[in-house]
>>> print(open('entry_31.txt').read())   # compact mmCIF, C-alpha atoms and all ligand atoms
# COMPACT_ATOMS: atom_id res chain seq x y z
CA MET A 15 30.37 -45.06 -64.38
CA ARG A 16 30.91 -41.63 -62.93
CA ILE A 17 31.66 -41.92 -59.24
CA LEU A 18 32.08 -39.21 -56.63
CA VAL A 19 34.06 -39.92 -53.46
CA ILE A 20 33.58 -37.39 -50.65
CA GLY A 21 36.53 -36.71 -48.36
CA ASN A 22 40.22 -35.85 -48.32
CA GLY A 23 42.03 -38.47 -46.25
CA GLY A 24 44.02 -41.64 -46.67
CA ARG A 25 40.75 -43.55 -46.49
CA GLU A 26 39.41 -41.77 -49.57
CA HIS A 27 42.70 -42.19 -51.45
CA ALA A 28 42.58 -45.93 -50.73
CA LEU A 29 38.94 -46.12 -51.85
CA ILE A 30 39.67 -44.35 -55.13
CA TRP A 31 42.81 -46.37 -55.83
CA LYS A 32 40.81 -49.56 -55.29
CA LEU A 33 37.82 -48.40 -57.37
CA LEU A 34 40.19 -47.77 -60.27
CA GLN A 35 41.09 -51.48 -60.20
CA SER A 36 37.45 -52.36 -60.91
CA LYS A 37 36.74 -54.25 -64.12
CA LYS A 38 34.18 -51.57 -64.93
CA ARG A 39 35.51 -48.43 -66.57
CA ASN A 40 35.04 -45.54 -64.23
CA LYS A 41 35.66 -41.85 -64.04
CA ILE A 42 36.27 -40.75 -60.49
CA TYR A 43 35.57 -37.36 -58.96
CA CYS A 44 36.57 -36.32 -55.45
CA THR A 45 35.67 -33.46 -53.12
CA PRO A 46 37.85 -31.90 -51.92
CA GLY A 47 40.60 -34.56 -52.29
CA ASN A 48 44.34 -34.07 -51.77
CA ALA A 49 47.55 -34.10 -53.84
CA GLY A 50 47.65 -37.92 -54.09
CA ILE A 51 43.98 -38.24 -54.98
CA ALA A 52 44.33 -35.55 -57.66
CA LYS A 53 46.52 -37.95 -59.65
CA HIS A 54 43.61 -40.38 -60.06
CA ALA A 55 40.49 -38.25 -59.78
CA GLU A 56 39.11 -34.90 -60.85
CA CYS A 57 38.88 -32.88 -57.65
CA PHE A 58 36.50 -30.06 -56.76
CA ASN A 59 36.98 -27.82 -53.78
CA ILE A 60 33.65 -28.46 -52.05
CA LEU A 61 33.68 -29.22 -48.34
CA ALA A 62 32.15 -32.46 -47.06
CA GLU A 63 29.71 -30.43 -44.93
CA ASP A 64 28.35 -28.49 -47.94
CA ILE A 65 25.77 -31.12 -48.82
CA ASN A 66 23.79 -28.81 -51.10
CA GLY A 67 26.96 -27.90 -53.00
CA LEU A 68 27.65 -31.62 -53.39
CA LEU A 69 24.12 -32.20 -54.68
CA ASP A 70 24.63 -29.49 -57.32
CA LEU A 71 27.93 -31.07 -58.42
CA VAL A 72 26.38 -34.53 -58.73
CA LYS A 73 23.54 -33.17 -60.82
CA SER A 74 25.77 -31.06 -63.07
CA LYS A 75 28.37 -33.78 -63.66
CA LYS A 76 25.70 -36.48 -64.03
CA ILE A 77 27.38 -38.63 -61.40
CA ASP A 78 25.98 -42.16 -61.15
CA LEU A 79 27.13 -43.06 -57.64
CA THR A 80 28.36 -41.13 -54.60
CA ILE A 81 30.45 -42.72 -51.87
CA VAL A 82 30.67 -40.86 -48.55
CA GLY A 83 33.97 -41.08 -46.61
CA PRO A 84 33.62 -39.05 -43.39
CA GLU A 85 30.85 -38.89 -40.78
CA ASN A 86 29.87 -35.21 -40.92
CA PRO A 87 27.90 -35.23 -44.19
CA LEU A 88 26.14 -38.42 -43.05
CA SER A 89 24.99 -36.82 -39.82
CA LEU A 90 23.90 -33.73 -41.79
CA GLY A 91 21.63 -35.94 -43.88
CA ILE A 92 23.40 -36.15 -47.25
CA VAL A 93 21.94 -39.60 -47.87
CA ASN A 94 18.40 -38.40 -47.06
CA LEU A 95 18.92 -35.46 -49.45
CA PHE A 96 20.30 -37.56 -52.31
CA GLU A 97 17.60 -40.20 -51.90
CA LYS A 98 14.97 -37.48 -52.25
CA TYR A 99 16.38 -36.83 -55.72
CA LYS A 100 16.80 -40.58 -56.43
CA LEU A 101 20.57 -40.22 -56.68
CA PRO A 102 22.41 -43.43 -55.72
CA ILE A 103 24.60 -42.93 -52.66
CA PHE A 104 26.58 -45.31 -50.45
CA GLY A 105 26.13 -44.58 -46.75
CA PRO A 106 23.47 -44.52 -44.02
CA THR A 107 20.74 -41.92 -43.57
CA LYS A 108 21.02 -39.32 -40.84
CA GLU A 109 18.77 -41.43 -38.60
CA ALA A 110 20.87 -44.57 -39.11
CA ALA A 111 24.14 -42.64 -38.72
CA GLU A 112 23.01 -41.66 -35.22
CA ILE A 113 24.62 -44.89 -34.11
CA GLU A 114 27.85 -42.88 -34.48
CA SER A 115 26.69 -39.29 -34.08
CA SER A 116 24.96 -39.84 -30.72
CA LYS A 117 26.77 -41.92 -28.12
CA VAL A 118 23.59 -41.76 -26.01
CA PHE A 119 21.50 -43.24 -28.82
CA ALA A 120 24.14 -45.95 -29.38
CA LYS A 121 24.14 -46.86 -25.67
CA TYR A 122 20.32 -47.00 -25.39
CA PHE A 123 20.19 -49.05 -28.58
CA MET A 124 22.81 -51.50 -27.28
CA ASP A 125 20.82 -51.91 -24.05
CA LYS A 126 17.62 -52.58 -25.92
CA TYR A 127 19.18 -55.19 -28.21
CA LYS A 128 21.42 -56.73 -25.53
CA ILE A 129 24.68 -55.90 -27.25
CA PRO A 130 27.66 -56.21 -24.87
CA THR A 131 29.16 -52.85 -23.94
CA ALA A 132 30.55 -50.95 -20.92
CA LYS A 133 28.09 -50.15 -18.09
CA TYR A 134 27.11 -46.50 -18.23
CA GLN A 135 24.97 -43.58 -17.07
CA VAL A 136 23.75 -40.61 -19.12
CA PHE A 137 23.73 -37.06 -17.73
CA ASP A 138 22.44 -33.73 -19.00
CA ASP A 139 22.92 -31.87 -15.75
CA TYR A 140 26.16 -30.44 -14.37
CA SER A 141 25.45 -30.97 -10.65
CA LYS A 142 24.07 -34.47 -11.10
CA SER A 143 27.11 -35.60 -13.07
CA LEU A 144 29.45 -34.14 -10.43
CA PHE A 145 27.51 -35.83 -7.66
CA TYR A 146 27.78 -39.14 -9.56
CA VAL A 147 31.53 -39.02 -10.23
CA GLU A 148 32.22 -38.21 -6.59
CA LYS A 149 31.02 -41.69 -5.71
CA GLN A 150 32.98 -43.53 -8.41
CA THR A 151 36.35 -45.21 -8.48
CA PHE A 152 38.89 -44.48 -11.23
CA PRO A 153 39.74 -44.91 -14.07
CA LEU A 154 36.42 -43.90 -15.55
CA VAL A 155 35.47 -42.88 -19.09
CA LEU A 156 33.64 -39.66 -20.03
CA LYS A 157 32.19 -39.26 -23.52
CA VAL A 158 30.39 -36.31 -25.02
CA ASP A 159 27.21 -37.36 -26.79
CA GLY A 160 27.70 -35.76 -30.19
CA LEU A 161 30.38 -35.78 -32.89
CA ALA A 162 33.64 -34.29 -31.65
CA GLY A 163 36.14 -35.25 -34.35
CA GLY A 164 37.58 -38.03 -32.18
CA LYS A 165 38.32 -35.60 -29.32
CA GLY A 166 35.24 -36.17 -27.17
CA VAL A 167 36.36 -39.24 -25.16
CA PHE A 168 38.30 -38.91 -21.91
CA VAL A 169 39.82 -41.71 -19.89
CA ILE A 170 39.92 -40.16 -16.41
CA ASP A 171 42.27 -41.14 -13.58
CA SER A 172 41.18 -38.83 -10.77
CA LEU A 173 38.18 -37.00 -9.36
CA LYS A 174 39.85 -33.66 -10.04
CA GLU A 175 40.30 -34.52 -13.70
CA ALA A 176 36.68 -35.65 -13.91
CA LYS A 177 35.42 -32.41 -12.37
CA ASP A 178 37.56 -30.31 -14.73
CA ILE A 179 36.27 -32.10 -17.83
CA ILE A 180 32.63 -32.01 -16.72
CA SER A 181 32.97 -28.30 -16.09
CA GLU A 182 34.63 -27.65 -19.47
CA VAL A 183 32.00 -29.66 -21.31
CA MET A 184 28.82 -28.72 -19.47
CA LYS A 185 29.58 -25.18 -18.30
CA GLY A 186 32.30 -24.02 -20.72
CA LYS A 187 30.50 -25.63 -23.72
CA ARG A 188 33.88 -26.74 -25.12
CA PHE A 189 32.07 -29.04 -27.58
CA GLY A 190 29.01 -26.83 -28.09
CA LYS A 191 25.75 -28.74 -28.37
CA ALA A 192 27.62 -32.03 -28.80
CA GLY A 193 28.39 -31.82 -25.07
CA ASN A 194 24.81 -31.20 -23.86
CA ARG A 195 24.73 -34.80 -22.72
CA LEU A 196 27.52 -36.89 -21.25
CA VAL A 197 27.95 -40.64 -21.10
CA ILE A 198 29.96 -41.74 -18.09
CA GLU A 199 31.01 -45.36 -18.38
CA GLU A 200 33.14 -48.04 -16.79
CA PHE A 201 36.73 -48.39 -17.96
CA LEU A 202 37.33 -51.64 -19.83
CA LEU A 203 40.67 -53.33 -20.20
CA GLY A 204 41.78 -55.22 -23.31
CA GLU A 205 43.13 -55.00 -26.85
CA GLU A 206 41.03 -53.06 -29.33
CA VAL A 207 39.95 -54.45 -32.70
CA SER A 208 37.98 -52.79 -35.50
CA ILE A 209 35.48 -54.89 -37.41
CA LEU A 210 33.81 -53.26 -40.39
CA ALA A 211 31.04 -54.70 -42.51
CA PHE A 212 29.27 -53.70 -45.70
CA SER A 213 25.52 -53.61 -45.15
CA ASP A 214 22.54 -53.32 -47.49
CA GLY A 215 20.13 -52.76 -44.63
CA GLU A 216 19.33 -56.41 -44.16
CA ASN A 217 22.40 -58.46 -45.04
CA PHE A 218 25.96 -57.68 -44.12
CA LEU A 219 29.40 -58.84 -45.24
CA PRO A 220 32.30 -58.42 -42.82
CA MET A 221 35.72 -57.19 -43.86
CA LEU A 222 38.95 -58.56 -42.44
CA PRO A 223 39.38 -57.57 -38.78
CA SER A 224 41.93 -54.82 -38.34
CA GLN A 225 43.65 -53.01 -35.51
CA ASP A 226 44.21 -49.27 -35.30
CA HIS A 227 46.93 -47.63 -33.15
CA LYS A 228 45.14 -44.66 -31.63
CA LYS A 229 47.84 -43.32 -29.31
CA ILE A 230 50.51 -40.96 -30.62
CA ASN A 231 53.53 -42.75 -29.12
CA ASP A 232 55.05 -46.24 -29.30
CA GLY A 233 53.72 -48.69 -26.76
CA ASP A 234 50.28 -46.99 -26.90
CA LYS A 235 51.43 -44.02 -24.84
CA GLY A 236 50.42 -40.36 -25.06
CA SER A 237 47.36 -38.61 -26.47
CA ASN A 238 44.65 -40.12 -28.61
CA THR A 239 44.84 -39.40 -32.34
CA GLY A 240 42.74 -40.22 -35.38
CA GLY A 241 44.95 -43.32 -35.76
CA MET A 242 48.71 -43.68 -36.31
CA GLY A 243 48.68 -46.94 -38.24
CA SER A 244 46.77 -50.15 -38.76
CA TYR A 245 47.10 -53.72 -39.92
CA ALA A 246 44.80 -56.48 -41.14
CA PRO A 247 43.91 -59.24 -40.52
CA VAL A 248 44.28 -59.57 -36.72
CA PRO A 249 46.00 -62.90 -35.91
CA PHE A 250 44.88 -63.04 -32.27
CA LEU A 251 41.18 -62.84 -33.11
CA LYS A 252 40.24 -66.52 -33.53
CA ASP A 253 37.50 -67.78 -35.85
CA ASN A 254 35.10 -68.64 -33.02
CA ASP A 255 35.37 -65.11 -31.58
CA LYS A 256 34.85 -63.62 -35.02
CA LYS A 257 31.74 -65.74 -35.46
CA TRP A 258 30.51 -64.74 -32.01
CA ILE A 259 30.97 -61.04 -32.85
CA LEU A 260 29.02 -61.38 -36.10
CA ASN A 261 26.17 -63.28 -34.43
CA ASN A 262 25.97 -61.25 -31.22
CA ILE A 263 26.86 -57.77 -32.41
CA PHE A 264 26.47 -57.26 -36.16
CA GLN A 265 23.39 -59.40 -36.67
CA PRO A 266 21.34 -57.79 -33.85
CA VAL A 267 22.50 -54.28 -34.82
CA ILE A 268 21.51 -54.58 -38.47
CA ALA A 269 18.20 -56.27 -37.54
CA GLY A 270 17.57 -53.82 -34.66
CA MET A 271 18.21 -50.77 -36.81
CA LYS A 272 15.70 -52.08 -39.33
CA LYS A 273 13.16 -52.59 -36.55
CA GLU A 274 13.74 -49.03 -35.35
CA GLU A 275 13.10 -47.80 -38.92
CA ARG A 276 16.68 -46.66 -39.20
CA ILE A 277 17.70 -49.09 -41.94
CA PHE A 278 21.49 -49.16 -41.95
CA LYS A 279 23.06 -49.14 -45.43
CA GLY A 280 26.76 -48.51 -45.97
CA VAL A 281 29.61 -49.54 -43.70
CA LEU A 282 29.00 -50.37 -40.06
CA TYR A 283 32.20 -50.14 -38.02
CA ALA A 284 32.32 -51.72 -34.56
CA GLY A 285 35.15 -50.53 -32.33
CA LEU A 286 35.56 -53.52 -30.01
CA ILE A 287 37.57 -54.24 -26.91
CA LEU A 288 38.53 -57.84 -26.13
CA THR A 289 37.93 -58.12 -22.39
CA LYS A 290 38.32 -61.16 -20.13
CA GLU A 291 34.55 -61.62 -20.29
CA GLY A 292 34.53 -61.45 -24.08
CA PRO A 293 34.39 -58.80 -26.81
CA LYS A 294 32.45 -55.62 -25.97
CA VAL A 295 31.55 -52.57 -28.07
CA LEU A 296 33.35 -49.29 -27.34
CA GLU A 297 31.71 -47.41 -30.18
CA PHE A 298 30.05 -47.71 -33.54
CA ASN A 299 30.96 -45.70 -36.59
CA ALA A 300 28.68 -45.32 -39.58
CA ARG A 301 31.50 -45.32 -42.16
CA LEU A 302 34.85 -46.78 -43.09
CA GLY A 303 37.63 -46.27 -40.53
CA ASP A 304 40.82 -44.39 -41.20
CA PRO A 305 43.57 -45.74 -41.17
CA GLU A 306 41.88 -49.19 -41.08
CA THR A 307 40.63 -48.82 -44.67
CA GLN A 308 44.17 -48.17 -45.90
CA SER A 309 45.32 -51.60 -44.72
CA ILE A 310 42.10 -53.52 -45.48
CA LEU A 311 41.38 -52.54 -49.08
CA PRO A 312 44.73 -53.52 -50.66
CA ILE A 313 44.07 -57.19 -49.81
CA LEU A 314 40.43 -57.23 -50.92
CA LYS A 315 40.16 -59.57 -53.92
CA THR A 316 36.53 -58.94 -54.88
CA ASP A 317 35.70 -55.94 -57.07
CA LEU A 318 34.96 -53.17 -54.53
CA LEU A 319 32.53 -51.46 -56.87
CA ASP A 320 30.40 -54.63 -57.14
CA ILE A 321 30.11 -54.73 -53.35
CA VAL A 322 29.23 -51.04 -53.08
CA ILE A 323 26.59 -51.25 -55.79
CA ALA A 324 25.09 -54.37 -54.22
CA SER A 325 24.90 -52.56 -50.86
CA VAL A 326 23.15 -49.57 -52.40
CA GLU A 327 20.73 -51.79 -54.34
CA GLY A 328 19.94 -54.10 -51.40
CA ASN A 329 21.56 -57.05 -53.11
CA LEU A 330 24.41 -58.10 -50.82
CA LYS A 331 23.13 -61.64 -50.37
CA ASN A 332 24.25 -62.36 -53.92
CA VAL A 333 27.81 -61.21 -53.31
CA GLU A 334 30.73 -63.12 -51.89
CA VAL A 335 33.70 -61.21 -50.58
CA GLU A 336 37.14 -62.73 -51.07
CA TRP A 337 40.47 -61.69 -49.58
CA GLU A 338 44.09 -62.32 -50.50
CA GLU A 339 45.90 -64.67 -48.10
CA LYS A 340 48.13 -61.79 -47.07
CA SER A 341 48.77 -59.35 -44.25
CA SER A 342 48.72 -55.62 -44.78
CA VAL A 343 50.23 -52.81 -42.71
CA CYS A 344 49.72 -49.05 -42.92
CA VAL A 345 52.17 -46.74 -41.13
CA VAL A 346 50.93 -43.16 -40.79
CA MET A 347 53.54 -40.44 -41.24
CA SER A 348 52.41 -37.28 -39.47
CA SER A 349 53.56 -33.73 -38.79
CA ALA A 350 55.39 -33.40 -35.44
CA GLY A 351 53.05 -31.83 -32.90
CA TYR A 352 49.91 -33.62 -34.13
CA PRO A 353 47.30 -34.18 -32.59
CA ALA A 354 47.92 -30.66 -31.17
CA ASP A 355 49.48 -27.80 -33.19
CA TYR A 356 51.81 -28.55 -36.09
CA GLU A 357 53.36 -26.77 -39.05
CA LYS A 358 52.29 -27.22 -42.66
CA GLY A 359 53.90 -26.55 -46.02
CA LYS A 360 56.97 -28.84 -45.73
CA ILE A 361 58.18 -30.38 -48.99
CA ILE A 362 57.79 -34.18 -49.09
CA ASN A 363 60.77 -35.95 -50.67
CA GLY A 364 61.08 -39.55 -51.85
CA LEU A 365 57.54 -40.21 -53.10
CA ASP A 366 58.70 -40.81 -56.69
CA GLU A 367 61.01 -43.59 -55.58
CA LEU A 368 58.02 -45.56 -54.27
CA ASP A 369 55.80 -44.95 -57.30
CA GLY A 370 54.90 -48.23 -58.99
CA GLN A 371 56.49 -50.43 -56.29
CA LYS A 372 54.84 -53.84 -56.10
CA ASN A 373 52.75 -54.69 -53.01
CA MET A 374 53.07 -51.20 -51.68
CA MET A 375 51.12 -47.95 -51.92
CA VAL A 376 51.56 -44.56 -50.32
CA PHE A 377 48.12 -43.14 -49.59
CA HIS A 378 47.95 -39.38 -49.17
CA ALA A 379 46.04 -37.65 -46.36
CA GLY A 380 47.18 -34.11 -45.48
CA THR A 381 49.06 -33.24 -48.67
CA ALA A 382 48.77 -30.45 -51.22
CA ASN A 383 50.39 -29.59 -54.51
CA LYS A 384 52.32 -26.31 -54.57
CA GLU A 385 53.79 -25.42 -57.96
CA GLY A 386 54.38 -29.07 -58.79
CA LYS A 387 55.84 -29.98 -55.41
CA ILE A 388 53.98 -32.14 -52.91
CA ILE A 389 53.85 -30.45 -49.50
CA THR A 390 52.42 -31.31 -46.10
CA ASN A 391 48.98 -29.87 -45.43
CA GLY A 392 47.64 -31.65 -42.34
CA GLY A 393 48.39 -33.60 -39.17
CA ARG A 394 48.28 -37.06 -40.69
CA VAL A 395 50.20 -36.68 -43.94
CA LEU A 396 50.73 -40.11 -45.55
CA GLY A 397 49.78 -43.76 -45.00
CA VAL A 398 52.65 -45.92 -46.18
CA THR A 399 51.06 -49.30 -46.80
CA ALA A 400 52.63 -52.66 -47.71
CA TRP A 401 51.20 -56.15 -47.98
CA ALA A 402 53.02 -59.49 -47.92
CA ASP A 403 52.55 -63.20 -47.18
CA ASN A 404 52.87 -62.63 -43.44
CA LEU A 405 52.56 -59.79 -40.95
CA LYS A 406 56.27 -59.56 -40.18
CA ASP A 407 57.22 -59.06 -43.83
CA ALA A 408 54.40 -56.55 -44.31
CA ILE A 409 55.70 -54.54 -41.32
CA ASP A 410 59.29 -54.66 -42.63
CA ASN A 411 58.22 -53.57 -46.10
CA ALA A 412 56.02 -50.74 -44.87
CA TYR A 413 58.94 -49.36 -42.81
CA LYS A 414 61.30 -49.74 -45.80
CA GLY A 415 58.85 -47.47 -47.62
CA VAL A 416 58.78 -45.03 -44.70
CA ASP A 417 62.59 -44.88 -44.77
CA LYS A 418 62.52 -43.64 -48.37
CA ILE A 419 60.32 -40.64 -47.49
CA TYR A 420 61.48 -37.49 -45.81
CA PHE A 421 59.90 -34.22 -44.79
CA GLU A 422 60.91 -31.71 -42.15
CA ASN A 423 59.28 -32.38 -38.74
CA GLN A 424 58.06 -35.82 -39.80
CA TYR A 425 56.89 -38.20 -37.09
CA TYR A 426 55.70 -41.81 -37.10
CA ARG A 427 55.32 -44.68 -34.68
CA LYS A 428 57.95 -47.41 -34.96
CA ASP A 429 55.84 -50.27 -33.61
CA ILE A 430 52.84 -50.50 -35.94
CA GLY A 431 51.72 -54.11 -36.27
CA GLU A 432 53.86 -55.50 -33.45
CA LYS A 433 50.85 -56.17 -31.26
CA GLY A 434 49.59 -58.50 -33.97
CA ILE A 435 52.69 -60.62 -33.54
CA LYS A 436 53.01 -60.48 -29.74
CA PHE A 437 49.48 -60.52 -28.43
CA THR A 438 47.25 -63.53 -27.76
CA TYR A 439 43.59 -63.64 -26.74
CA ARG A 440 41.96 -66.69 -25.06
P1 LIG A 501 35.48 -44.20 -28.78
O1 LIG A 501 35.45 -42.99 -29.66
O2 LIG A 501 34.25 -44.38 -27.95
O3 LIG A 501 35.95 -45.46 -29.45
O4 LIG A 501 36.70 -43.91 -27.77
C1 LIG A 501 37.99 -43.58 -28.23
C2 LIG A 501 39.00 -44.40 -27.49
O5 LIG A 501 38.87 -44.22 -26.08
C3 LIG A 501 38.83 -45.90 -27.70
O6 LIG A 501 39.45 -46.34 -28.86
C4 LIG A 501 39.50 -46.43 -26.45
O7 LIG A 501 40.92 -46.43 -26.59
C5 LIG A 501 39.13 -45.44 -25.40
N1 LIG A 501 37.89 -45.88 -24.70
C6 LIG A 501 36.61 -45.55 -25.02
N2 LIG A 501 35.73 -46.14 -24.18
C7 LIG A 501 36.47 -46.86 -23.31
C8 LIG A 501 36.14 -47.71 -22.19
N3 LIG A 501 34.88 -47.89 -21.78
N4 LIG A 501 37.16 -48.31 -21.56
C9 LIG A 501 38.45 -48.11 -21.93
N5 LIG A 501 38.81 -47.32 -22.95
C10 LIG A 501 37.85 -46.71 -23.65
N1 LIG A 502 40.36 -45.26 -36.90
C1 LIG A 502 39.32 -44.72 -36.14
C2 LIG A 502 38.22 -44.12 -36.90
O1 LIG A 502 38.20 -44.16 -38.11
O2 LIG A 502 37.32 -43.59 -36.29
>>> encode(input="entry_31.txt", output="structure tokens")
Amino acid sequence: MRILVIGNGGREHALIWKLLQSKKRNKIYCTPGNAGIAKHAECFNILAEDINGLLDLVKSKKIDLTIVGPENPLSLGIVNLFEKYKLPIFGPTKEAAEIESSKVFAKYFMDKYKIPTAKYQVFDDYSKSLFYVEKQTFPLVLKVDGLAGGKGVFVIDSLKEAKDIISEVMKGKRFGKAGNRLVIEEFLLGEEVSILAFSDGENFLPMLPSQDHKKINDGDKGSNTGGMGSYAPVPFLKDNDKKWILNNIFQPVIAGMKKEERIFKGVLYAGLILTKEGPKVLEFNARLGDPETQSILPILKTDLLDIVIASVEGNLKNVEVEWEEKSSVCVVMSSAGYPADYEKGKIINGLDELDGQKNMMVFHAGTANKEGKIITNGGRVLGVTAWADNLKDAIDNAYKGVDKIYFENQYYRKDIGEKGIKFTYR
């Protein structure tokens, strides 16, 4: 089969690496890809947002299946466009992807289908939102409605901070149209867990629960990032809670989206927080998570391509997903300065030493190839991933991998996975 994967991160590298383990013989294409992906796939420099350019590529290369990594092309309607031309594509339509691309839609939907989430109010007016926050206690959470590349959520500790953000968003238009509406919601306390499931619109199959580490510094301190590391499965999420989440969150979402004529095909990602009253939804994503995917896929036993095809064809009820009895850990190595400004173009040393290592894989994110040398080309640079019989060994092995790699201004968290060992829930 000819398969196109859209995206350029560690998530897409992990997807492609896993697809190449399929029993089917495949040729993989990627747009735009990165230096690591280019070793396994033919890359074309088309941006994920250029959905017409992607359509042309798929037609000209006679691609049989397209898999969408990031959220932007989904919210621009790439699935609607491809379906018009009867081109198989894995991902939700624009209407279904609104569960990620509009926080307001997601909140109204959760209300309607009684899905547990933080209490909230929606505002489209500067004065009304100011008036509201003046009466609130802090912390409080402000979220811009539209896609903001992970930068549109603010946990606010004071009225002054709240006023500043509201002014920047509503008057200063810092997020453009994405900030026309604001969700202001209660602050919830608890550990966060990501649960992702394949969906064919009617049936869904959950992946192993995983945990991201969103903050830049050890001990979950500092600014929010795209994710500094992840592990799977999550030992403190017990079977009865998992079952509860599937029955009370995933089942009503998939059924509700069908009822709303927004049939959800692809991967539904629930960002959950485990509160004292039980698990609640912080957000939904309409795609695979990054770095979660980098730790989840290495321990998937079932042929990934079979699952993807079954999702696209509406056939998931005939598929069973199996996992290795292992733990997997991904440590993100980033450029110092990220998530704010950082330098690019640093030579990455030590990658060859890890090539072909058993139970380990270095997924590339922000990398490029310059005259045969691999250089840094983004904030999150690599996802050093290891899997082992238990979480502790997986952590140790991932950090042994990290120790072999060096680039100028490198930065990584030293505590990825530790919460999985220390934390308990109910
Ligand atoms: P979101 O994009 O909605 O998942 O928000 C990004 C991050 O902000 C989450 O991973 C949480 O760490 C934090 N966050 C979002 N909503 C809340 C909330 N209601 N209470 C506490 N933290 C939150
Ligand atoms: N790891 C968070 C995300 O993919 O949105």
>>> axis_aligned_box(input="entry_31.txt", around="ligand LIG 502 (chain A)", padding_each_side="3 Å", output="lines of an AutoDock Vina configuration file")
center_x = 38.8
center_y = -44.4
center_z = -37.1
size_x = 9.0
size_y = 7.7
size_z = 8.0
>>> residues_near_ligand(input="entry_31.txt", ligand="ligand LIG 502 (chain A)", cutoff="6 Å", atoms="only C-alpha atoms and all ligand atoms", output="ChimeraX atom specification")
/A:226,240-241,303-306
>>> residues_near_ligand(input="entry_31.txt", ligand="ligand LIG 501 (chain A)", cutoff="6 Å", atoms="only C-alpha atoms and all ligand atoms", output="MDAnalysis selection string")
chainID A and resid 132 155 164 167 199:203 285 296:297
>>> closest_residue(input="entry_31.txt", among="A:Val93, A:Cys344, A:Ile435, A:Leu311", to="A:Ala400", atoms="all atoms listed in the file")
A:Cys344
>>> residues_around(input="entry_31.txt", residues="A:Gly193", least_positions_apart="5", cutoff="6 Å", atoms="all atoms listed in the file", output="number ranges by chain")
A: 158-159, 183
>>> write_last_selection(input="entry_31.txt", atoms="C-alpha atoms", output="PDB file, in the coordinates of the input")
ATOM      1  CA  VAL A 158      30.390 -36.310 -25.020  1.00  0.00           C
ATOM      2  CA  ASP A 159      27.210 -37.360 -26.790  1.00  0.00           C
ATOM      3  CA  VAL A 183      32.000 -29.660 -21.310  1.00  0.00           C
TER       4      VAL A 183
END
>>> residues_around(input="entry_31.txt", residues="A:Gly160", least_positions_apart="3", cutoff="12 Å", atoms="all atoms listed in the file", output="ChimeraX atom specification")
/A:85-86,89,111-120,157,163-167,183,189-197
>>> residues_near_point(input="entry_31.txt", point="(19.6, -55.5, -44.2)", cutoff="8 Å", atoms="all atoms listed in the file", output="NGL selection string")
:A and (213-218 or 268-269 or 272 or 277-279 or 328)
>>> atom_distance(input="entry_31.txt", atom1="atom CA of A:Lys229", atom2="atom CA of A:Pro353")
9.7 Å
>>> closest_residue(input="entry_31.txt", among="A:Phe264, A:Phe421, A:Phe437, A:Tyr413", to="A:Leu288", atoms="all atoms listed in the file")
A:Phe437
>>> closest_residue(input="entry_31.txt", among="A:Tyr122, A:Lys414, A:Ala28, A:Leu282", to="A:Ser325", atoms="only C-alpha atoms")
A:Leu282
>>> residues_near_point(input="entry_31.txt", point="(43.6, -55.3, -36.9)", cutoff="12 Å", atoms="only C-alpha atoms", output="NGL selection string")
:A and (205-210 or 221-228 or 243-251 or 285-287 or 303 or 305-310 or 341-344 or 405 or 430-435 or 437)
>>> atom_distance(input="entry_31.txt", atom1="atom CA of A:Thr289", atom2="atom CA of A:Lys133")
13.4 Å
>>> atom_distance(input="entry_31.txt", atom1="atom CA of A:Leu34", atom2="atom CA of A:Ile81")
13.8 Å
>>> closest_residue(input="entry_31.txt", among="A:Val82, A:Ala412, A:Val169, A:Leu33", to="A:Thr316", atoms="all atoms listed in the file")
A:Leu33
>>> residues_around(input="entry_31.txt", residues="A:Pro46", least_positions_apart="6", cutoff="8 Å", atoms="only C-alpha atoms", output="ChimeraX atom specification")
/A:20-22,57-62
>>> decode(input="entry_31.txt", residues="stretch 63-69 of chain A", atoms="N, CA and C atoms", output="CSV table (one decimal), in the first residue's frame")
chain,number,residue,atom,x,y,z
A,63,GLU,N,-1.1,22.6,6.4
A,63,GLU,CA,-2.3,23.4,6.2
A,63,GLU,C,-2.7,23.5,4.7
A,64,ASP,N,-1.7,23.1,3.9
A,64,ASP,CA,-2.0,23.2,2.4
A,64,ASP,C,-2.8,22.0,1.9
A,65,ILE,N,-4.1,22.0,2.3
A,65,ILE,CA,-4.8,20.7,2.0
A,65,ILE,C,-5.1,20.5,0.6
A,66,ASN,N,-5.1,21.5,-0.3
A,66,ASN,CA,-5.2,21.3,-1.7
A,66,ASN,C,-3.9,20.8,-2.3
A,67,GLY,N,-2.8,21.2,-1.8
A,67,GLY,CA,-1.5,20.7,-2.2
A,67,GLY,C,-1.4,19.2,-1.8
A,68,LEU,N,-1.9,18.9,-0.7
A,68,LEU,CA,-1.9,17.5,-0.2
A,68,LEU,C,-2.8,16.6,-1.1
A,69,LEU,N,-3.9,17.2,-1.5
A,69,LEU,CA,-4.8,16.4,-2.4
A,69,LEU,C,-4.1,16.1,-3.7
